[in-house]
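> Contents of protein_22.pdb (PDB, C-alpha atoms) are given next:
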```pdb
ATOM      1  CA  MET F 241     -42.337  16.347  35.736
ATOM      2  CA  GLY F 242     -39.023  17.798  36.787
ATOM      3  CA  LEU F 243     -38.296  18.701  33.235
ATOM      4  CA  GLY F 244     -41.654  20.382  32.945
ATOM      5  CA  SER F 245     -40.862  22.854  35.687
ATOM      6  CA  LEU F 246     -37.386  23.336  34.311
ATOM      7  CA  MET F 247     -38.716  24.155  30.875
ATOM      8  CA  ALA F 248     -41.633  26.161  32.161
ATOM      9  CA  ASP F 249     -40.254  29.496  31.030
ATOM     10  CA  GLY F 250     -38.986  28.109  27.745
ATOM     11  CA  PHE F 251     -35.283  27.912  28.595
ATOM     12  CA  LEU F 252     -32.861  25.737  30.487
ATOM     13  CA  THR F 253     -29.392  26.281  31.810
ATOM     14  CA  THR F 254     -26.359  24.194  31.014
ATOM     15  CA  ARG F 255     -22.625  24.510  30.427
ATOM     16  CA  LEU F 256     -21.488  25.961  27.132
ATOM     17  CA  ASP F 257     -18.981  23.137  26.680
ATOM     18  CA  ASP F 258     -21.782  20.618  26.943
ATOM     19  CA  VAL F 259     -23.818  22.276  24.234
ATOM     20  CA  VAL F 260     -20.876  22.595  21.885
ATOM     21  CA  ASN F 261     -19.754  19.051  22.509
ATOM     22  CA  TRP F 262     -23.280  17.759  22.074
ATOM     23  CA  ALA F 263     -23.412  19.386  18.664
ATOM     24  CA  ARG F 264     -19.956  18.162  17.731
ATOM     25  CA  LYS F 265     -20.326  14.594  18.777
ATOM     26  CA  ASN F 266     -23.564  14.117  16.880
ATOM     27  CA  SER F 267     -22.200  15.288  13.577
ATOM     28  CA  LEU F 268     -18.792  13.696  13.238
ATOM     29  CA  TRP F 269     -18.249  13.726   9.512
ATOM     30  CA  PRO F 270     -15.911  10.910   8.508
ATOM     31  CA  MET F 271     -12.989  11.032   6.137
ATOM     32  CA  PRO F 272     -13.208   7.520   4.660
ATOM     33  CA  MET F 273      -9.584   6.498   4.383
ATOM     34  CA  GLY F 274     -10.491   3.131   2.875
ATOM     35  CA  ILE F 275      -7.232   1.496   1.851
ATOM     36  CA  SER F 276      -8.173  -2.177   1.750
ATOM     37  CA  CYS F 277     -10.780  -4.760   2.736
ATOM     38  CA  CYS F 278     -11.836  -2.955   5.948
ATOM     39  CA  ALA F 279     -13.285  -0.330   3.623
ATOM     40  CA  ILE F 280     -15.950  -2.823   2.551
ATOM     41  CA  GLU F 281     -17.121  -3.109   6.144
ATOM     42  CA  MET F 282     -16.934   0.661   6.471
ATOM     43  CA  MET F 283     -19.222   0.970   3.456
ATOM     44  CA  ALA F 284     -21.541  -1.626   4.965
ATOM     45  CA  THR F 285     -21.644   0.483   8.115
ATOM     46  CA  ALA F 286     -22.985   3.330   6.039
ATOM     47  CA  SER F 287     -25.610   1.108   4.414
ATOM     48  CA  PRO F 288     -29.263   1.061   5.572
ATOM     49  CA  ARG F 289     -28.836  -2.190   7.446
ATOM     50  CA  PHE F 290     -26.352  -0.773   9.937
ATOM     51  CA  ASP F 291     -27.008   2.891   9.260
ATOM     52  CA  ILE F 292     -24.233   5.054  10.611
ATOM     53  CA  SER F 293     -26.519   8.059  10.156
ATOM     54  CA  ARG F 294     -28.165   7.136  13.461
ATOM     55  CA  PHE F 295     -24.994   8.618  14.949
ATOM     56  CA  GLY F 296     -24.793  11.629  12.692
ATOM     57  CA  SER F 297     -21.806  10.309  10.761
ATOM     58  CA  GLU F 298     -23.366   9.486   7.445
ATOM     59  CA  VAL F 299     -21.742  12.364   5.587
ATOM     60  CA  MET F 300     -18.657  10.716   4.140
ATOM     61  CA  ARG F 301     -16.640  13.501   2.591
ATOM     62  CA  PHE F 302     -13.916  12.887   0.084
ATOM     63  CA  THR F 303     -12.198  16.149   0.803
ATOM     64  CA  PRO F 304     -10.359  16.300   4.113
ATOM     65  CA  ARG F 305     -11.300  19.948   4.542
ATOM     66  CA  GLN F 306     -14.866  19.061   5.480
ATOM     67  CA  CYS F 307     -14.115  16.180   7.829
ATOM     68  CA  ASP F 308     -13.913  15.689  11.560
ATOM     69  CA  VAL F 309     -12.867  12.095  11.976
ATOM     70  CA  MET F 310     -10.579  10.049   9.798
ATOM     71  CA  ILE F 311     -11.421   6.356   9.653
ATOM     72  CA  VAL F 312      -8.229   4.605   8.598
ATOM     73  CA  ALA F 313      -9.622   1.359   7.234
ATOM     74  CA  GLY F 314      -6.915  -0.862   5.873
ATOM     75  CA  THR F 315      -3.265  -1.775   5.535
ATOM     76  CA  VAL F 316      -0.984   1.252   5.579
ATOM     77  CA  THR F 317       2.292   0.699   3.775
ATOM     78  CA  TYR F 318       5.305   2.927   4.261
ATOM     79  CA  LYS F 319       4.670   4.440   0.872
ATOM     80  CA  MET F 320       1.043   5.180   1.786
ATOM     81  CA  ALA F 321       1.918   6.539   5.240
ATOM     82  CA  ARG F 322       2.966   9.922   3.920
ATOM     83  CA  VAL F 323      -0.279  10.170   1.949
ATOM     84  CA  VAL F 324      -2.415   9.311   4.978
ATOM     85  CA  ARG F 325      -0.499  11.829   7.056
ATOM     86  CA  LYS F 326      -0.869  14.522   4.430
ATOM     87  CA  ILE F 327      -4.631  14.066   4.278
ATOM     88  CA  TYR F 328      -4.776  14.094   8.062
ATOM     89  CA  ASP F 329      -2.815  17.345   8.126
ATOM     90  CA  GLN F 330      -5.322  18.879   5.721
ATOM     91  CA  MET F 331      -8.265  18.228   8.037
ATOM     92  CA  PRO F 332      -9.314  21.229  10.119
ATOM     93  CA  ASP F 333      -9.149  21.120  13.901
ATOM     94  CA  PRO F 334     -10.689  19.670  15.971
ATOM     95  CA  LYS F 335     -10.079  16.264  14.431
ATOM     96  CA  TRP F 336     -10.032  12.677  15.521
ATOM     97  CA  VAL F 337      -8.804   9.360  14.176
ATOM     98  CA  ILE F 338     -10.327   5.891  14.308
ATOM     99  CA  SER F 339      -7.852   3.130  13.506
ATOM    100  CA  MET F 340     -10.071   0.453  12.007
ATOM    101  CA  GLY F 341      -8.946  -3.164  12.005
ATOM    102  CA  ALA F 342      -5.838  -5.140  12.820
ATOM    103  CA  CYS F 343      -3.729  -3.813   9.944
ATOM    104  CA  ALA F 344      -4.134  -0.136  10.727
ATOM    105  CA  SER F 345      -3.746  -0.722  14.444
ATOM    106  CA  SER F 346      -0.743  -3.032  14.453
ATOM    107  CA  GLY F 347       0.195  -4.093  10.944
ATOM    108  CA  GLY F 348      -2.051  -7.127  11.395
ATOM    109  CA  MET F 349      -1.004 -10.237   9.551
ATOM    110  CA  PHE F 350       1.388  -8.248   7.379
ATOM    111  CA  ARG F 351       4.486  -8.555   9.503
ATOM    112  CA  SER F 352       6.601  -7.353   6.634
ATOM    113  CA  TYR F 353       9.148  -4.790   5.557
ATOM    114  CA  SER F 354       6.638  -2.793   3.565
ATOM    115  CA  VAL F 355       3.819  -2.378   6.102
ATOM    116  CA  VAL F 356       3.800   0.139   8.957
ATOM    117  CA  GLN F 357       3.251  -1.807  12.157
ATOM    118  CA  GLY F 358       0.510   0.478  13.464
ATOM    119  CA  ILE F 359      -0.481   3.935  12.259
ATOM    120  CA  ASP F 360       0.154   5.397  15.719
ATOM    121  CA  GLN F 361       3.808   5.486  14.694
ATOM    122  CA  PHE F 362       3.133   8.547  12.586
ATOM    123  CA  MET F 363      -0.203  10.027  13.660
ATOM    124  CA  PRO F 364      -2.310  10.254  16.812
ATOM    125  CA  VAL F 365      -5.133   7.725  17.207
ATOM    126  CA  ASP F 366      -8.197   8.151  19.418
ATOM    127  CA  VAL F 367      -9.950   4.807  19.080
ATOM    128  CA  TYR F 368      -8.629   1.449  17.909
ATOM    129  CA  VAL F 369     -10.989  -1.178  16.510
ATOM    130  CA  ALA F 370     -10.067  -4.847  16.727
ATOM    131  CA  GLY F 371     -11.019  -7.343  14.054
ATOM    132  CA  CYS F 372      -9.923  -8.550  10.647
ATOM    133  CA  PRO F 373     -12.004  -6.967   9.341
ATOM    134  CA  PRO F 374     -14.178  -5.616  12.166
ATOM    135  CA  ARG F 375     -17.915  -6.050  11.740
ATOM    136  CA  PRO F 376     -19.956  -2.885  11.203
ATOM    137  CA  GLU F 377     -21.281  -3.124  14.764
ATOM    138  CA  ASN F 378     -17.696  -2.928  15.917
ATOM    139  CA  LEU F 379     -17.071   0.266  13.994
ATOM    140  CA  LEU F 380     -20.291   1.754  15.354
ATOM    141  CA  ARG F 381     -19.123   0.874  18.847
ATOM    142  CA  ALA F 382     -15.872   2.724  18.154
ATOM    143  CA  LEU F 383     -17.817   5.714  16.950
ATOM    144  CA  MET F 384     -19.875   5.707  20.149
ATOM    145  CA  GLU F 385     -16.677   5.494  22.159
ATOM    146  CA  LEU F 386     -15.330   8.469  20.246
ATOM    147  CA  GLN F 387     -18.557  10.360  20.911
ATOM    148  CA  SER F 388     -18.165   9.844  24.619
ATOM    149  CA  GLN F 389     -14.575  11.112  24.357
ATOM    150  CA  VAL F 390     -15.713  14.171  22.455
ATOM    151  CA  ALA F 391     -18.394  14.848  25.055
ATOM    152  CA  LYS F 392     -15.743  15.178  27.742
ATOM    153  CA  GLN F 393     -13.447  17.560  25.909
ATOM    154  CA  GLN F 394     -12.843  21.181  26.859
ATOM    155  CA  THR F 395     -13.998  23.432  24.110
ATOM    156  CA  ILE F 396     -15.144  27.001  24.244
ATOM    157  CA  GLY F 397     -16.143  27.453  27.874
ATOM    158  CA  ASN F 398     -12.606  27.897  29.141
ATOM    159  CA  LEU F 399     -11.821  30.227  26.317
ATOM    160  CA  LEU F 400     -14.618  32.578  27.323
ATOM    161  CA  ARG F 401     -13.404  32.582  30.911
ATOM    162  CA  GLY F 402     -10.014  33.690  29.656
ATOM    163  CA  GLU F 403      -8.287  30.430  30.473
ATOM    164  CA  LYS F 404      -5.892  28.562  28.282
ATOM    165  CA  ILE F 405      -7.490  25.984  26.093
ATOM    166  CA  LEU F 406      -5.392  22.911  25.660
ATOM    167  CA  ILE F 407      -5.616  20.888  22.517
ATOM    168  CA  PRO F 408      -3.144  18.059  22.105
ATOM    169  CA  GLU F 409      -0.555  18.902  19.506
ATOM    170  CA  THR F 410      -1.555  17.255  16.278
ATOM    171  CA  GLY F 411       0.108  19.020  13.412
ATOM    172  CA  PRO F 412       3.208  20.929  12.446
ATOM    173  CA  ALA F 413       1.932  24.219  13.834
ATOM    174  CA  GLU F 414       1.841  25.227  17.468
ATOM    175  CA  ARG F 415      -1.590  24.255  18.729
ATOM    176  CA  VAL F 416      -1.759  25.955  22.140
ATOM    177  CA  SER F 417      -3.665  29.192  21.961
ATOM    178  CA  SER F 418      -5.004  31.504  24.628
ATOM    179  CA  ALA F 419      -7.598  34.232  24.745
ATOM    180  CA  THR F 420      -6.575  37.560  26.097
TER     181      THR F 420
ATOM    182  CA  MET V 236       6.948 -28.342 -31.436
ATOM    183  CA  LYS V 237       9.583 -28.444 -28.723
ATOM    184  CA  ASP V 238      11.950 -30.526 -30.806
ATOM    185  CA  ARG V 239      11.486 -28.194 -33.724
ATOM    186  CA  LEU V 240      12.183 -25.210 -31.487
ATOM    187  CA  LEU V 241      15.357 -26.720 -30.069
ATOM    188  CA  GLN V 242      16.560 -27.766 -33.473
ATOM    189  CA  LYS V 243      16.028 -24.268 -34.832
ATOM    190  CA  LEU V 244      17.761 -22.666 -31.882
ATOM    191  CA  ARG V 245      20.755 -24.975 -32.218
ATOM    192  CA  THR V 246      21.021 -24.256 -35.886
ATOM    193  CA  PHE V 247      20.695 -20.534 -35.314
ATOM    194  CA  SER V 248      23.255 -20.143 -32.545
ATOM    195  CA  PRO V 249      24.591 -23.333 -30.958
ATOM    196  CA  ASP V 250      26.939 -21.527 -28.561
ATOM    197  CA  SER V 251      24.141 -19.525 -26.947
ATOM    198  CA  ILE V 252      22.376 -22.578 -25.542
ATOM    199  CA  LEU V 253      24.016 -23.583 -22.283
ATOM    200  CA  GLU V 254      21.506 -26.131 -21.099
ATOM    201  CA  THR V 255      18.003 -27.360 -21.752
ATOM    202  CA  ASN V 256      15.577 -29.369 -19.712
ATOM    203  CA  GLU V 257      11.972 -30.371 -19.787
ATOM    204  CA  PHE V 258       9.791 -30.624 -16.714
ATOM    205  CA  ARG V 259       6.181 -31.805 -16.914
ATOM    206  CA  GLY V 260       5.946 -30.867 -20.552
ATOM    207  CA  ASP V 261       7.451 -27.414 -20.225
ATOM    208  CA  LEU V 262      10.670 -26.658 -22.027
ATOM    209  CA  THR V 263      13.349 -24.535 -20.361
ATOM    210  CA  VAL V 264      16.315 -23.174 -22.250
ATOM    211  CA  ILE V 265      19.212 -21.669 -20.347
ATOM    212  CA  VAL V 266      20.759 -19.016 -22.536
ATOM    213  CA  ARG V 267      24.120 -17.286 -22.368
ATOM    214  CA  LYS V 268      23.551 -13.867 -20.831
ATOM    215  CA  GLU V 269      25.179 -11.897 -23.650
ATOM    216  CA  ASP V 270      22.951 -13.504 -26.271
ATOM    217  CA  ILE V 271      19.530 -13.041 -24.704
ATOM    218  CA  VAL V 272      18.417 -10.195 -26.986
ATOM    219  CA  MET V 273      19.577 -12.066 -30.072
ATOM    220  CA  ILE V 274      17.759 -15.256 -29.029
ATOM    221  CA  ALA V 275      14.650 -13.306 -28.050
ATOM    222  CA  THR V 276      14.554 -11.520 -31.375
ATOM    223  CA  PHE V 277      14.992 -14.803 -33.215
ATOM    224  CA  LEU V 278      12.179 -16.500 -31.306
ATOM    225  CA  ARG V 279       9.867 -13.588 -31.990
ATOM    226  CA  ASP V 280      10.675 -13.077 -35.650
ATOM    227  CA  ASP V 281      10.863 -16.668 -36.824
ATOM    228  CA  ASP V 282       7.690 -17.192 -38.854
ATOM    229  CA  ASP V 283       7.221 -20.724 -37.663
ATOM    230  CA  LEU V 284       7.935 -20.214 -33.941
ATOM    231  CA  SER V 285       6.491 -16.707 -33.560
ATOM    232  CA  PHE V 286       6.832 -16.211 -29.807
ATOM    233  CA  ASP V 287       5.093 -12.869 -29.885
ATOM    234  CA  LEU V 288       3.998 -12.503 -26.257
ATOM    235  CA  ILE V 289       6.088 -12.138 -23.126
ATOM    236  CA  VAL V 290       3.909 -13.584 -20.407
ATOM    237  CA  ASP V 291       6.249 -12.913 -17.525
ATOM    238  CA  LEU V 292       9.745 -11.832 -16.706
ATOM    239  CA  CYS V 293      11.061 -12.187 -13.201
ATOM    240  CA  GLY V 294      14.151 -12.608 -11.096
ATOM    241  CA  VAL V 295      15.216 -15.435  -8.813
ATOM    242  CA  ASP V 296      17.798 -15.310  -6.051
ATOM    243  CA  MET V 297      19.346 -18.778  -5.877
ATOM    244  CA  TYR V 298      21.722 -17.609  -3.138
ATOM    245  CA  ARG V 299      24.725 -19.559  -4.349
ATOM    246  CA  PRO V 300      28.314 -18.454  -4.989
ATOM    247  CA  GLU V 301      28.267 -18.903  -8.772
ATOM    248  CA  GLY V 302      25.505 -17.356 -10.845
ATOM    249  CA  ARG V 303      23.531 -16.181  -7.848
ATOM    250  CA  PHE V 304      20.643 -14.620  -9.733
ATOM    251  CA  GLU V 305      18.524 -15.838 -12.582
ATOM    252  CA  VAL V 306      16.251 -13.868 -14.848
ATOM    253  CA  VAL V 307      13.401 -15.967 -16.179
ATOM    254  CA  TYR V 308      11.424 -15.194 -19.339
ATOM    255  CA  HIS V 309       8.113 -16.890 -20.060
ATOM    256  CA  LEU V 310       7.188 -16.637 -23.705
ATOM    257  CA  TYR V 311       3.997 -17.598 -25.488
ATOM    258  CA  SER V 312       3.304 -18.160 -29.127
ATOM    259  CA  LEU V 313      -0.230 -17.175 -30.047
ATOM    260  CA  LYS V 314       0.170 -18.937 -33.353
ATOM    261  CA  ASN V 315       1.282 -22.313 -31.970
ATOM    262  CA  LYS V 316      -0.410 -21.997 -28.573
ATOM    263  CA  SER V 317       2.772 -23.056 -26.822
ATOM    264  CA  TYR V 318       5.049 -21.792 -24.110
ATOM    265  CA  VAL V 319       8.797 -21.722 -23.683
ATOM    266  CA  ARG V 320      10.851 -20.593 -20.740
ATOM    267  CA  LEU V 321      14.227 -18.891 -21.101
ATOM    268  CA  LYS V 322      16.675 -18.352 -18.271
ATOM    269  CA  VAL V 323      19.883 -16.401 -17.946
ATOM    270  CA  ARG V 324      22.281 -16.630 -15.042
ATOM    271  CA  VAL V 325      23.495 -13.372 -13.524
ATOM    272  CA  GLU V 326      26.538 -12.927 -11.322
ATOM    273  CA  GLU V 327      26.270 -11.121  -8.016
ATOM    274  CA  ASP V 328      29.197  -8.751  -8.592
ATOM    275  CA  HIS V 329      27.901  -7.578 -11.970
ATOM    276  CA  PRO V 330      24.101  -7.924 -12.023
ATOM    277  CA  VAL V 331      23.422  -6.472 -15.444
ATOM    278  CA  VAL V 332      21.402  -7.980 -18.299
ATOM    279  CA  ASP V 333      20.512  -6.461 -21.645
ATOM    280  CA  THR V 334      16.921  -5.293 -21.815
ATOM    281  CA  VAL V 335      14.371  -7.061 -24.002
ATOM    282  CA  CYS V 336      12.114  -3.999 -24.106
ATOM    283  CA  SER V 337      13.158  -3.502 -27.714
ATOM    284  CA  VAL V 338      11.842  -6.996 -28.509
ATOM    285  CA  TRP V 339       8.647  -6.980 -26.434
ATOM    286  CA  PRO V 340       7.619  -3.566 -25.050
ATOM    287  CA  GLY V 341       5.570  -5.448 -22.463
ATOM    288  CA  ALA V 342       8.785  -6.349 -20.663
ATOM    289  CA  ASN V 343       9.198  -2.767 -19.522
ATOM    290  CA  TRP V 344       7.429  -2.931 -16.168
ATOM    291  CA  HIS V 345       8.518  -6.511 -15.519
ATOM    292  CA  GLU V 346      12.121  -5.436 -15.774
ATOM    293  CA  ARG V 347      11.462  -2.479 -13.503
ATOM    294  CA  GLU V 348       9.961  -4.828 -10.926
ATOM    295  CA  THR V 349      12.922  -7.170 -11.171
ATOM    296  CA  PHE V 350      15.251  -4.225 -10.738
ATOM    297  CA  ASP V 351      13.283  -3.001  -7.717
ATOM    298  CA  MET V 352      13.165  -6.340  -5.943
ATOM    299  CA  PHE V 353      16.540  -7.891  -6.859
ATOM    300  CA  GLY V 354      18.771  -5.027  -7.940
ATOM    301  CA  ILE V 355      19.370  -6.521 -11.371
ATOM    302  CA  SER V 356      19.933  -3.714 -13.872
ATOM    303  CA  PHE V 357      18.744  -3.917 -17.453
ATOM    304  CA  ARG V 358      21.109  -2.240 -19.852
ATOM    305  CA  GLY V 359      19.322  -0.063 -22.381
ATOM    306  CA  HIS V 360      16.025   0.020 -20.483
ATOM    307  CA  PRO V 361      14.091   3.203 -21.374
ATOM    308  CA  ASP V 362      12.923   4.021 -17.848
ATOM    309  CA  LEU V 363      14.577   1.932 -15.139
ATOM    310  CA  ARG V 364      12.959   3.328 -11.993
ATOM    311  CA  ARG V 365      11.761   1.461  -8.943
ATOM    312  CA  MET V 366       8.286  -0.014  -9.202
ATOM    313  CA  TYR V 367       7.047  -0.522  -5.626
ATOM    314  CA  MET V 368       9.561   0.815  -3.155
ATOM    315  CA  PRO V 369      10.208   4.551  -2.614
ATOM    316  CA  GLU V 370      12.633   5.916  -5.170
ATOM    317  CA  GLU V 371      15.267   6.837  -2.595
ATOM    318  CA  TYR V 372      15.221   3.316  -1.100
ATOM    319  CA  GLU V 373      18.604   1.607  -1.059
ATOM    320  CA  HIS V 374      17.861  -2.089  -0.547
ATOM    321  CA  PHE V 375      16.386  -4.934  -2.581
ATOM    322  CA  PRO V 376      13.634  -6.712  -0.649
ATOM    323  CA  LEU V 377      13.410 -10.058  -2.462
ATOM    324  CA  ARG V 378      17.086 -10.881  -2.078
ATOM    325  CA  LYS V 379      17.580 -13.797   0.267
ATOM    326  CA  ASP V 380      19.876 -11.808   2.565
ATOM    327  CA  PHE V 381      17.276  -9.084   3.080
ATOM    328  CA  PRO V 382      15.737  -9.308   6.571
ATOM    329  CA  LEU V 383      12.023 -10.167   6.633
ATOM    330  CA  MET V 384      11.112  -7.080   8.637
ATOM    331  CA  GLY V 385      13.278  -4.817   6.496
ATOM    332  CA  VAL V 386      16.193  -2.622   7.432
ATOM    333  CA  PRO V 387      15.231  -0.464  10.453
ATOM    334  CA  ASP V 388      14.802   3.249   9.690
ATOM    335  CA  SER V 389      15.481   2.728   5.988
ATOM    336  CA  ILE V 390      12.099   4.235   5.033
ATOM    337  CA  PRO V 391      11.282   7.490   6.815
ATOM    338  CA  LEU V 392       7.818   7.908   8.347
ATOM    339  CA  PRO V 393       6.108  11.288   8.669
ATOM    340  CA  ARG V 394       6.796  13.116  11.910
ATOM    341  CA  LYS V 395       4.231  12.304  14.566
TER     342      LYS V 395
END
```
Can you turn what I pasted into structure tokens?

Amino acid sequence: MGLGSLMADGFLTTRLDDVVNWARKNSLWPMPMGISCCAIEMMATASPRFDISRFGSEVMRFTPRQCDVMIVAGTVTYKMARVVRKIYDQMPDPKWVISMGACASSGGMFRSYSVVQGIDQFMPVDVYVAGCPPRPENLLRALMELQSQVAKQQTIGNLLRGEKILIPETGPAERVSSAT
Amino acid sequence: MKDRLLQKLRTFSPDSILETNEFRGDLTVIVRKEDIVMIATFLRDDDDLSFDLIVDLCGVDMYRPEGRFEVVYHLYSLKNKSYVRLKVRVEEDHPVVDTVCSVWPGANWHERETFDMFGISFRGHPDLRRMYMPEEYEHFPLRKDFPLMGVPDSIPLPRK
């Protein structure tokens, strides 16, 4: 009805940010950082029964250069922390991180000298998932939460208006850029 | 088998055997630290005993003033299908034992692990690097005086 009149001439108006974010949030390609048993649930999430492709995230890439969201699924030891961080640094912006399970989020049951007590000590995290391990539904819920975060982000609209675009600093380089 | 083993060991080198005991059918021989390679070679090369497999080698921190550490060797004879356990006592101020890598090459990584976790050095080891902890790490996690949560800031994390 309303939509019919809106679409009558074959176009509709919207904000550029919304279009870009809509495209982004529906194709979040994961970097599967499967380090321990949470990875099994992550794989189950990709299986037909739970089917992460309903959310556009079925393309698990094993090179960080093609990924948007890193799913850290498992116990991160101090020795592994530098590896996880290096892979994260190799992902192109914009990028997000899901901390899957108790171990990645807080060290979990490994209250020990060798385990980092939460990956947010050395990298930014957007969504934390509880559970040991979390069920696939739980990971999907986290993905949906991330999608709603992505939908709200400033992207290209401000840039075109000549305003500063603010991206939280994530890597070694200076991340604040402006269009002139 | 155990009696024969003990008898042979005592004939071979009576001074090397400090103590023996048997618990639930398993024989333990406590060996003088300086003689461990000699005893190991004897146990391997004796045609009758033929302890040709080192099942495990590990350290123990007894946390006592005298002979704080122990290094434990579990040996197996494929020929006789029997086990024997050797132990040497290691002092805290000089935690060095001769390597048995020359006797059983399989001891290589076990000795590296023992070095990593207890700080016991193995003289003559071909490649005594840490096994689990970062190479620049300065502490020994399985010692009894090591805090459960580790030494704060002893392992650097990447910059956030």
> Counting only C-alpha atoms, which residues in range 272-297 of chain F sit no more than 6 Å from range 364-387 of chain F? For each one, give the nearest pair of atoms and the distance in Å, sorted by chain then residue number, as a tab-separated table.

```
residue	atom	partner	partner_atom	distance
F:Cys278	CA	F:Pro373	CA	5.3
F:Glu281	CA	F:Pro376	CA	5.8
F:Thr285	CA	F:Pro376	CA	4.9
```
> Would you export the selected residues with C-alpha atoms as a compact mmCIF listing (two decimals), in the frame of the given file, please?

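So again-v7.txt came out as:
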```txt
# COMPACT_ATOMS: atom_id res chain seq x y z
CA CYS F 278 -11.84 -2.96 5.95
CA GLU F 281 -17.12 -3.11 6.14
CA THR F 285 -21.64 0.48 8.12
```
> Compute the set of chain V residues within 10 Å of chain F, using only C-alpha atoms, and express it as a VMD selection string.
chain V and resid 367 to 369 376 381 to 387 389 to 395
> Using CA of Met297 in chain V and CA of Arg320 in chain V as the two end points, give the distance in Å to one decimal.
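Distance between the two atoms: 17.2 Å.
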> Taking the file as shown, find all residues satisfying the PyMOL selection byres ((chain V and resi 305) around 12) and write them as a PDB file with C-alpha atoms, keeping the file's coordinate frame.

```pdb
ATOM      1  CA  ILE V 265      19.212 -21.669 -20.347  1.00  0.00           C
ATOM      2  CA  VAL V 266      20.759 -19.016 -22.536  1.00  0.00           C
ATOM      3  CA  ARG V 267      24.120 -17.286 -22.368  1.00  0.00           C
ATOM      4  CA  LYS V 268      23.551 -13.867 -20.831  1.00  0.00           C
ATOM      5  CA  LEU V 292       9.745 -11.832 -16.706  1.00  0.00           C
ATOM      6  CA  CYS V 293      11.061 -12.187 -13.201  1.00  0.00           C
ATOM      7  CA  GLY V 294      14.151 -12.608 -11.096  1.00  0.00           C
ATOM      8  CA  VAL V 295      15.216 -15.435  -8.813  1.00  0.00           C
ATOM      9  CA  ASP V 296      17.798 -15.310  -6.051  1.00  0.00           C
ATOM     10  CA  MET V 297      19.346 -18.778  -5.877  1.00  0.00           C
ATOM     11  CA  TYR V 298      21.722 -17.609  -3.138  1.00  0.00           C
ATOM     12  CA  ARG V 299      24.725 -19.559  -4.349  1.00  0.00           C
ATOM     13  CA  GLU V 301      28.267 -18.903  -8.772  1.00  0.00           C
ATOM     14  CA  GLY V 302      25.505 -17.356 -10.845  1.00  0.00           C
ATOM     15  CA  ARG V 303      23.531 -16.181  -7.848  1.00  0.00           C
ATOM     16  CA  PHE V 304      20.643 -14.620  -9.733  1.00  0.00           C
ATOM     17  CA  VAL V 306      16.251 -13.868 -14.848  1.00  0.00           C
ATOM     18  CA  VAL V 307      13.401 -15.967 -16.179  1.00  0.00           C
ATOM     19  CA  TYR V 308      11.424 -15.194 -19.339  1.00  0.00           C
ATOM     20  CA  LEU V 321      14.227 -18.891 -21.101  1.00  0.00           C
ATOM     21  CA  LYS V 322      16.675 -18.352 -18.271  1.00  0.00           C
ATOM     22  CA  VAL V 323      19.883 -16.401 -17.946  1.00  0.00           C
ATOM     23  CA  ARG V 324      22.281 -16.630 -15.042  1.00  0.00           C
ATOM     24  CA  VAL V 325      23.495 -13.372 -13.524  1.00  0.00           C
ATOM     25  CA  GLU V 326      26.538 -12.927 -11.322  1.00  0.00           C
ATOM     26  CA  GLU V 327      26.270 -11.121  -8.016  1.00  0.00           C
ATOM     27  CA  PRO V 330      24.101  -7.924 -12.023  1.00  0.00           C
ATOM     28  CA  VAL V 331      23.422  -6.472 -15.444  1.00  0.00           C
ATOM     29  CA  VAL V 332      21.402  -7.980 -18.299  1.00  0.00           C
ATOM     30  CA  THR V 349      12.922  -7.170 -11.171  1.00  0.00           C
ATOM     31  CA  PHE V 353      16.540  -7.891  -6.859  1.00  0.00           C
ATOM     32  CA  GLY V 354      18.771  -5.027  -7.940  1.00  0.00           C
ATOM     33  CA  ILE V 355      19.370  -6.521 -11.371  1.00  0.00           C
ATOM     34  CA  ARG V 378      17.086 -10.881  -2.078  1.00  0.00           C
TER      35      ARG V 378
END
```
> For a test of reading the model, state the distance in Å between CA of Met340 in chain F and CA of Gly314 in chain F, rounded to one decimal.
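For CA of Met340 in chain F relative to CA of Gly314 in chain F, the distance reads 7.0 Å.
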> As a check of understanding, name the residues that the PyMOL selection byres ((chain F and resi 336) around 7) selects in the supplied structure, as a list in words.
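Expected selection for the PyMOL selection byres ((chain F and resi 336) around 7) here is Asp308, Val309, Met310, Lys335, Val337, Ile338 and Asp366 of chain F.
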> Got time to write the residues from that selection, C-alpha atoms, as a PDB file, in the frame of the given file?

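Saved file out.pdb follows:
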```
ATOM      1  CA  ASP F 308     -13.913  15.689  11.560  1.00  0.00           C
ATOM      2  CA  VAL F 309     -12.867  12.095  11.976  1.00  0.00           C
ATOM      3  CA  MET F 310     -10.579  10.049   9.798  1.00  0.00           C
ATOM      4  CA  LYS F 335     -10.079  16.264  14.431  1.00  0.00           C
ATOM      5  CA  VAL F 337      -8.804   9.360  14.176  1.00  0.00           C
ATOM      6  CA  ILE F 338     -10.327   5.891  14.308  1.00  0.00           C
ATOM      7  CA  ASP F 366      -8.197   8.151  19.418  1.00  0.00           C
TER       8      ASP F 366
END
```
> List, as a PyMOL selection string, every residue that the PyMOL selection byres ((chain V and resi 339) around 12) selects in the file provided.
chain V and resi 272+275-276+278-280+286-292+308-311+334-338+340-346+360
> CA of Asp333 in chain F and CA of Ser345 in chain F are how many Å apart?
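Going from CA of Asp333 in chain F over to CA of Ser345 in chain F covers 22.5 Å.
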> Here is a test: counting all atoms listed in the file, which residue of V:Glu269, V:Thr255, V:Met236, V:His329 is nearest to Ser285 in chain V?
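So, comparing all the options, the nearest one is V:Met236.
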> My list of candidates is F:Gln393, F:Thr253, F:Thr303, F:Thr317. Which is closest to Ser276 in chain F when distances are computed with only C-alpha atoms?
F:Thr317
